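What follows is structure-v3.csv (CSV, C-alpha atoms and all ligand atoms).
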chain,number,residue,atom,x,y,z
Y,1,MET,CA,44.3,37.3,85.3
Y,2,ILE,CA,44.2,40.8,87.0
Y,3,LYS,CA,41.3,43.1,86.5
Y,4,ILE,CA,41.5,46.6,88.0
Y,5,GLU,CA,38.2,48.5,88.1
Y,6,LYS,CA,37.8,52.2,88.9
Y,7,LEU,CA,40.7,52.1,91.3
Y,8,ARG,CA,41.0,55.2,93.5
Y,9,LYS,CA,43.5,56.2,96.1
Y,10,SER,CA,44.3,59.6,97.7
Y,11,TYR,CA,46.9,60.5,100.3
Y,12,GLY,CA,45.2,63.2,102.3
Y,13,LYS,CA,43.7,65.6,99.8
Y,14,LEU,CA,46.1,64.5,97.1
Y,15,PRO,CA,44.5,62.1,94.5
Y,16,ILE,CA,47.1,59.5,93.5
Y,17,LEU,CA,45.1,57.0,91.5
Y,18,ARG,CA,42.0,58.4,89.7
Y,19,ASP,CA,39.6,55.7,88.5
Y,20,VAL,CA,42.1,53.4,86.9
Y,21,ASN,CA,40.6,50.6,84.8
Y,22,VAL,CA,43.0,48.1,83.3
Y,23,SER,CA,43.3,44.3,82.7
Y,24,PHE,CA,46.4,42.1,82.5
Y,25,GLY,CA,46.4,38.6,81.0
Y,26,ALA,CA,48.5,35.5,81.9
Y,27,GLY,CA,51.7,34.8,80.0
Y,28,ARG,CA,52.4,38.5,79.4
Y,29,VAL,CA,55.1,41.0,80.5
Y,30,VAL,CA,53.6,44.4,81.1
Y,31,SER,CA,55.7,47.4,81.6
Y,32,VAL,CA,54.2,50.0,83.8
Y,33,ILE,CA,55.6,53.4,83.0
Y,34,GLY,CA,54.9,57.0,83.8
Y,35,PRO,CA,56.6,60.1,85.2
Y,36,ASN,CA,57.9,60.1,88.8
Y,37,GLY,CA,55.0,60.3,91.2
Y,38,SER,CA,52.4,59.2,88.7
Y,39,GLY,CA,51.1,56.4,90.9
Y,40,LYS,CA,52.9,53.3,89.6
Y,41,THR,CA,54.2,52.0,93.0
Y,42,THR,CA,50.9,52.9,94.6
Y,43,MET,CA,49.0,50.7,92.1
Y,44,SER,CA,51.4,47.8,92.6
Y,45,LYS,CA,51.0,48.2,96.4
Y,46,CYS,CA,47.2,48.1,96.0
Y,47,ILE,CA,47.5,44.8,94.1
Y,48,LEU,CA,49.8,43.5,96.8
Y,49,GLY,CA,47.4,44.6,99.6
Y,50,MET,CA,50.0,46.9,101.1
Y,51,VAL,CA,47.9,49.9,100.4
Y,52,LEU,CA,44.1,50.0,100.8
Y,53,PRO,CA,42.3,51.6,97.9
Y,54,ASP,CA,39.6,54.3,98.6
Y,55,GLY,CA,37.4,53.0,95.9
Y,56,GLY,CA,37.1,50.5,93.0
Y,57,ASP,CA,38.1,46.8,92.9
Y,58,ILE,CA,41.0,44.5,92.0
Y,59,LYS,CA,40.1,41.0,90.8
Y,60,ILE,CA,42.6,38.2,90.4
Y,61,ASN,CA,41.2,35.3,88.4
Y,62,GLY,CA,37.7,36.7,88.8
Y,63,GLU,CA,37.8,37.1,92.6
Y,64,SER,CA,38.1,40.4,94.5
Y,65,ILE,CA,41.3,40.6,96.6
Y,66,LEU,CA,39.9,43.4,98.8
Y,67,GLY,CA,40.1,42.2,102.4
Y,68,GLN,CA,41.7,38.9,101.4
Y,69,HIS,CA,45.2,37.6,102.2
Y,70,ALA,CA,45.6,34.1,100.8
Y,71,TYR,CA,46.0,35.4,97.2
Y,72,ARG,CA,49.3,37.0,98.2
Y,73,SER,CA,51.1,33.7,98.1
Y,74,GLN,CA,50.5,33.8,94.3
Y,75,ILE,CA,52.4,37.0,93.9
Y,76,GLY,CA,56.2,37.5,94.0
Y,77,TYR,CA,57.3,41.1,94.7
Y,78,MET,CA,60.6,42.7,94.2
Y,79,PRO,CA,60.5,46.2,95.8
Y,80,GLN,CA,62.5,49.1,94.5
Y,81,ILE,CA,64.6,49.1,97.7
Y,82,GLY,CA,64.5,45.9,99.8
Y,83,ARG,CA,64.7,46.5,103.5
Y,84,TYR,CA,66.1,43.7,105.6
Y,85,PRO,CA,67.3,43.4,109.2
Y,86,GLU,CA,70.9,44.6,109.0
Y,87,ASN,CA,72.3,42.0,111.3
Y,88,MET,CA,70.8,39.0,109.5
Y,89,LYS,CA,73.0,37.0,107.1
Y,90,ILE,CA,71.8,36.3,103.6
Y,91,ARG,CA,71.5,32.6,104.6
Y,92,GLN,CA,69.3,33.5,107.5
Y,93,VAL,CA,67.0,35.9,105.5
Y,94,ILE,CA,66.5,33.2,102.8
Y,95,GLY,CA,66.0,30.6,105.5
Y,96,MET,CA,63.5,32.7,107.3
Y,97,ILE,CA,61.4,33.3,104.2
Y,98,ARG,CA,61.5,29.7,103.3
Y,99,ASP,CA,60.3,28.8,106.7
Y,100,ILE,CA,57.3,31.1,106.3
Y,101,ARG,CA,56.5,29.4,103.0
Y,102,LYS,CA,56.9,25.8,104.2
Y,103,ASP,CA,53.8,24.9,102.1
Y,104,VAL,CA,55.8,25.2,98.9
Y,105,GLN,CA,57.5,21.9,98.1
Y,106,GLU,CA,59.5,22.9,95.0
Y,107,VAL,CA,61.5,26.1,95.4
Y,108,ASP,CA,63.1,27.9,92.5
Y,109,GLU,CA,66.7,28.6,93.5
Y,110,GLU,CA,67.9,29.5,90.0
Y,111,LEU,CA,68.7,33.1,90.8
Y,112,ILE,CA,70.5,32.1,94.0
Y,113,GLY,CA,72.7,30.0,91.8
Y,114,LEU,CA,73.1,32.4,88.9
Y,115,TYR,CA,73.9,35.4,91.2
Y,116,GLY,CA,76.4,33.3,93.2
Y,117,LEU,CA,74.5,34.2,96.5
Y,118,LYS,CA,75.6,31.0,98.2
Y,119,ASP,CA,79.2,32.2,98.2
Y,120,MET,CA,78.0,35.2,100.2
Y,121,TYR,CA,75.6,33.4,102.5
Y,122,GLU,CA,77.5,34.4,105.6
Y,123,LYS,CA,77.6,38.1,104.8
Y,124,ARG,CA,75.3,40.4,106.8
Y,125,MET,CA,72.5,42.3,105.0
Y,126,GLY,CA,73.8,45.6,106.4
Y,127,ALA,CA,77.2,45.0,104.8
Y,128,LEU,CA,75.9,44.2,101.3
Y,129,SER,CA,76.3,46.5,98.3
Y,130,GLY,CA,73.0,47.9,96.8
Y,131,GLY,CA,73.3,45.6,93.8
Y,132,THR,CA,73.8,42.5,96.0
Y,133,LYS,CA,70.8,43.4,98.1
Y,134,GLN,CA,68.8,43.7,94.8
Y,135,LYS,CA,69.9,40.2,93.9
Y,136,VAL,CA,68.6,38.8,97.2
Y,137,SER,CA,65.3,40.6,96.6
Y,138,ALA,CA,65.1,39.1,93.1
Y,139,ALA,CA,65.9,35.6,94.3
Y,140,LEU,CA,63.2,35.9,96.9
Y,141,ALA,CA,60.6,37.2,94.5
Y,142,PHE,CA,61.0,34.3,92.1
Y,143,MET,CA,61.6,31.6,94.8
Y,144,PHE,CA,58.1,30.3,95.4
Y,145,ASN,CA,57.1,30.0,91.7
Y,146,PRO,CA,54.3,32.6,91.9
Y,147,GLN,CA,51.8,33.0,89.1
Y,148,ILE,CA,52.2,36.8,89.2
Y,149,LEU,CA,55.4,38.8,89.6
Y,150,ILE,CA,55.6,42.5,90.4
Y,151,LEU,CA,59.0,43.9,89.9
Y,152,ASP,CA,59.7,47.5,90.8
Y,153,GLU,CA,62.7,48.7,88.8
Y,154,PRO,CA,64.2,45.2,88.8
Y,155,THR,CA,67.5,46.0,87.0
Y,156,ALA,CA,68.2,49.4,88.8
Y,157,GLY,CA,71.6,49.0,90.5
Y,158,LEU,CA,72.5,45.7,88.8
Y,159,ASP,CA,75.6,45.4,86.7
Y,160,PRO,CA,75.1,44.6,83.0
Y,161,ILE,CA,75.6,40.9,83.3
Y,162,SER,CA,73.3,40.6,86.4
Y,163,ALA,CA,70.7,42.7,84.6
Y,164,GLU,CA,70.9,40.3,81.6
Y,165,ILE,CA,70.3,37.4,83.9
Y,166,MET,CA,67.2,39.1,85.3
Y,167,LYS,CA,65.8,39.8,81.8
Y,168,CYS,CA,66.4,36.1,80.8
Y,169,LYS,CA,64.6,35.0,84.0
Y,170,ILE,CA,61.7,37.3,83.3
Y,171,LEU,CA,61.3,35.9,79.7
Y,172,LYS,CA,61.7,32.3,81.0
Y,173,GLU,CA,58.9,32.7,83.6
Y,174,LYS,CA,56.6,34.4,81.1
Y,175,LYS,CA,56.9,31.3,78.9
Y,176,LYS,CA,55.5,29.3,81.8
Y,177,GLY,CA,52.3,31.4,81.6
Y,178,LYS,CA,53.0,33.9,84.4
Y,179,LEU,CA,52.0,37.5,84.4
Y,180,ILE,CA,54.9,39.8,85.1
Y,181,LEU,CA,54.4,43.5,85.8
Y,182,ILE,CA,57.5,45.6,85.6
Y,183,THR,CA,58.1,49.2,86.5
Y,184,SER,CA,60.9,50.7,84.6
Y,185,HIS,CA,62.1,54.0,83.3
Y,186,ILE,CA,64.6,52.5,80.8
Y,187,MET,CA,62.8,52.3,77.5
Y,188,SER,CA,65.4,50.1,75.8
Y,189,GLU,CA,64.8,47.6,78.5
Y,190,VAL,CA,61.0,47.8,78.3
Y,191,GLU,CA,61.4,47.1,74.6
Y,192,GLU,CA,63.5,44.0,75.2
Y,193,VAL,CA,61.2,42.2,77.7
Y,194,ALA,CA,57.7,43.7,77.6
Y,195,ASP,CA,54.7,42.7,75.4
Y,196,GLU,CA,52.6,45.6,76.5
Y,197,VAL,CA,53.1,49.1,78.0
Y,198,MET,CA,50.7,50.6,80.5
Y,199,CYS,CA,51.3,54.3,81.1
Y,200,LEU,CA,50.0,56.2,84.1
Y,201,MET,CA,50.0,60.0,84.1
Y,202,ASP,CA,48.7,62.0,87.1
Y,203,GLY,CA,47.1,58.9,88.5
Y,204,GLN,CA,45.1,58.2,85.3
Y,205,LEU,CA,45.6,55.6,82.6
Y,206,LYS,CA,47.1,57.4,79.7
Y,207,PHE,CA,47.3,54.2,77.5
Y,208,HIS,CA,47.7,50.5,77.6
Y,209,GLU,CA,48.8,49.0,74.3
Y,210,THR,CA,51.1,46.4,72.9
Y,211,ILE,CA,54.6,47.6,71.8
Y,212,ALA,CA,53.8,46.8,68.2
Y,213,SER,CA,50.6,48.9,68.2
Y,214,ILE,CA,52.3,51.8,70.0
Y,215,LYS,CA,55.0,51.9,67.2
Y,216,ALA,CA,52.4,51.5,64.4
Y,217,HIS,CA,50.1,54.2,65.5
Y,218,THR,CA,52.8,56.7,66.2
Y,219,ASN,CA,54.7,55.8,63.1
Y,220,GLU,CA,57.9,55.6,65.1
Y,221,GLU,CA,60.5,52.8,65.1
Y,222,LEU,CA,62.0,53.7,68.4
Y,223,LEU,CA,59.8,53.0,71.4
Y,224,SER,CA,61.2,55.9,73.4
Y,225,ARG,CA,60.2,58.3,70.7
Y,226,ALA,CA,56.8,56.7,70.2
Y,227,ILE,CA,56.1,57.0,73.9
Y,228,ALA,CA,57.3,60.6,74.1
Y,229,LYS,CA,55.0,61.4,71.2
Y,230,ILE,CA,51.9,59.9,73.0
Y,231,MET,CA,52.8,61.5,76.3
Y,232,ASN,CA,53.0,64.9,74.6
Y,233,GLU,CA,49.7,64.5,72.8
Y,234,GLU,CA,46.8,66.7,74.1
Y,235,ASP,CA,44.0,64.7,75.7
Y,301,LIG,N1,52.6,56.7,102.2
Y,301,LIG,C1,52.4,57.9,101.5
Y,301,LIG,N2,51.9,59.0,102.1
Y,301,LIG,C2,51.7,60.1,101.4
Y,301,LIG,N3,52.0,60.3,100.1
Y,301,LIG,C3,52.5,59.2,99.4
Y,301,LIG,C4,52.7,57.9,100.1
Y,301,LIG,N4,53.2,57.0,99.2
Y,301,LIG,C5,53.3,57.7,98.0
Y,301,LIG,N5,52.9,59.0,98.1
Y,301,LIG,C6,52.8,60.0,97.1
Y,301,LIG,O1,52.0,59.4,96.0
Y,301,LIG,C7,52.5,59.9,94.8
Y,301,LIG,C8,52.7,58.7,93.9
Y,301,LIG,O2,53.8,57.9,94.4
Y,301,LIG,P1,54.2,56.5,93.7
Y,301,LIG,O3,55.4,56.0,94.5
Y,301,LIG,O4,53.0,55.7,93.5
Y,301,LIG,O5,54.8,57.0,92.3
Y,301,LIG,P2,55.6,56.3,91.2
Y,301,LIG,O6,54.9,56.5,89.9
Y,301,LIG,O7,55.9,54.9,91.6
Y,301,LIG,O8,56.9,57.2,91.2
Y,301,LIG,P3,58.5,56.8,90.8
Y,301,LIG,O9,58.6,56.7,89.3
Y,301,LIG,O10,59.2,58.0,91.4
Y,301,LIG,O11,58.9,55.5,91.5
Y,301,LIG,C9,53.7,60.7,95.0
Y,301,LIG,O12,53.4,62.0,95.0
Y,301,LIG,C10,54.1,60.3,96.5
Y,301,LIG,O13,54.8,61.3,97.1

Output the file's structure in the form of structure tokens.
Amino acid sequence: MIKIEKLRKSYGKLPILRDVNVSFGAGRVVSVIGPNGSGKTTMSKCILGMVLPDGGDIKINGESILGQHAYRSQIGYMPQIGRYPENMKIRQVIGMIRDIRKDVQEVDEELIGLYGLKDMYEKRMGALSGGTKQKVSAALAFMFNPQILILDEPTAGLDPISAEIMKCKILKEKKKGKLILITSHIMSEVEEVADEVMCLMDGQLKFHETIASIKAHTNEELLSRAIAKIMNEED
């Protein structure tokens, strides 16, 4: 579904992504992990067309996305920190985004319901708690039934029940054949929802394996230990 070939990006003289090659298939949940600053968000932003790569290619369903725009409607994105006009009410933000995507007949309002956002519709974005803002971002990411979801730390800031709702939603959408890329630093959470783990270190692909194979080849039952073992291996 997504094929990344020799992806390169630098900021000034600092190389951030260094010849990353990786493929992700439909119906999979892939956790993108790696130390802070290893390039995870930059890779996501390249897929989203928010950052222009210096070299390489990104193909979605066989077609290069470079210089294209239409493909973006197939991707739902939940940023680490959603930024919204402070004076707009939740109702207005959701209404505005729905207006932009008038082409979509059937909208998915499940998270709006499960997170009780309608009861807060008249609250202004600037007055919301961090967690509630996250819930609005989540509801928007899933709303237009995208084939690909990119979720940057989706449960960070959510209370345990809301985090559980998010994880159930991820697994439900995966069953529909969607590809879901999740950045997370919480290994127990990665283990609960992901099929595969992709690890970036210093802008390079360190490994991309299924959770079962990571555990098997490190001989570790705990994913956190298995990953620590691989990360500490010499190249
Ligand atoms: N617009 C920018 N201009 C300059 N440098 C940037 C820019 N965006 C990101 N960087 C740098 O690129 C590097 C990779 O950042 P990125 O956000 O991709 O890392 P990450 O793996 O997502 O980190 P984290 O786990 O902390 O979210 C960092 O050193 C960051 O400072």

Contacts between ligand LIG 301 (chain Y) and chain Y, please, where a residue of chain Y counts if it comes within 10 Å (with all atoms listed in the file); show its shortest atom pair and distance in Å to one decimal, rows by chain and ascending number, as a Markdown table.
| residue | atom | partner | partner_atom | distance |
| --- | --- | --- | --- | --- |
| Y:Lys9 | CA | Y:LIG301 | O1 | 9.1 |
| Y:Ser10 | CA | Y:LIG301 | O1 | 7.9 |
| Y:Tyr11 | CA | Y:LIG301 | C2 | 4.9 |
| Y:Gly12 | CA | Y:LIG301 | C2 | 7.3 |
| Y:Lys13 | CA | Y:LIG301 | C2 | 9.8 |
| Y:Leu14 | CA | Y:LIG301 | N3 | 7.8 |
| Y:Pro15 | CA | Y:LIG301 | O1 | 8.1 |
| Y:Ile16 | CA | Y:LIG301 | O1 | 5.5 |
| Y:Leu17 | CA | Y:LIG301 | C8 | 8.1 |
| Y:Val32 | CA | Y:LIG301 | O6 | 8.9 |
| Y:Ile33 | CA | Y:LIG301 | O6 | 7.6 |
| Y:Gly34 | CA | Y:LIG301 | O6 | 6.1 |
| Y:Pro35 | CA | Y:LIG301 | O9 | 5.7 |
| Y:Asn36 | CA | Y:LIG301 | O9 | 3.5 |
| Y:Gly37 | CA | Y:LIG301 | O5 | 3.5 |
| Y:Ser38 | CA | Y:LIG301 | O6 | 3.9 |
| Y:Gly39 | CA | Y:LIG301 | O4 | 3.3 |
| Y:Lys40 | CA | Y:LIG301 | O6 | 3.8 |
| Y:Thr41 | CA | Y:LIG301 | O7 | 3.6 |
| Y:Thr42 | CA | Y:LIG301 | O4 | 3.7 |
| Y:Met43 | CA | Y:LIG301 | O4 | 6.6 |
| Y:Ser44 | CA | Y:LIG301 | O4 | 8.1 |
| Y:Lys45 | CA | Y:LIG301 | O4 | 8.3 |
| Y:Cys46 | CA | Y:LIG301 | O4 | 9.9 |
| Y:Val51 | CA | Y:LIG301 | N1 | 8.5 |
| Y:Gln80 | CA | Y:LIG301 | O11 | 7.9 |
| Y:Asp152 | CA | Y:LIG301 | O11 | 8.1 |
| Y:Glu153 | CA | Y:LIG301 | O11 | 8.2 |
| Y:Thr183 | CA | Y:LIG301 | O7 | 8.0 |
| Y:Ser184 | CA | Y:LIG301 | O9 | 8.0 |
| Y:His185 | CA | Y:LIG301 | O9 | 7.5 |
| Y:Cys199 | CA | Y:LIG301 | O6 | 9.8 |
| Y:Leu200 | CA | Y:LIG301 | O6 | 7.6 |
| Y:Met201 | CA | Y:LIG301 | O6 | 8.4 |
| Y:Asp202 | CA | Y:LIG301 | C8 | 8.6 |
| Y:Gly203 | CA | Y:LIG301 | C8 | 7.8 |

Practice task
Report the distance between CA of Ile230 (chain Y) and CA of Leu205 (chain Y) in Å, rounded to one decimal place.
Solution key: 12.3 Å

Handout entry: Within 7 Å of Gly76 (chain Y) using all atoms listed in the file, minus same-chain residues under 6 positions, as a ChimeraX atom specification
Key = /Y:141-142,146,148-150

Okay, now the selection with C-alpha atoms, as a PDB file, in the frame of the given file?
ATOM      1  CA  ALA Y 141      60.600  37.200  94.500  1.00  0.00           C
ATOM      2  CA  PHE Y 142      61.000  34.300  92.100  1.00  0.00           C
ATOM      3  CA  PRO Y 146      54.300  32.600  91.900  1.00  0.00           C
ATOM      4  CA  ILE Y 148      52.200  36.800  89.200  1.00  0.00           C
ATOM      5  CA  LEU Y 149      55.400  38.800  89.600  1.00  0.00           C
ATOM      6  CA  ILE Y 150      55.600  42.500  90.400  1.00  0.00           C
TER       7      ILE Y 150
END

Practice task
Could you jot down the CA of Met88 (chain Y) to CA of Glu164 (chain Y) separation for me, Å, one decimal place?
Solution key: 27.9 Å

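With distances restricted to all atoms listed in the file, Y:Ile81 is the closest residue to Gly157 (chain Y) from Y:Ile214, Y:Leu52, Y:Ile81, Y:Arg98.
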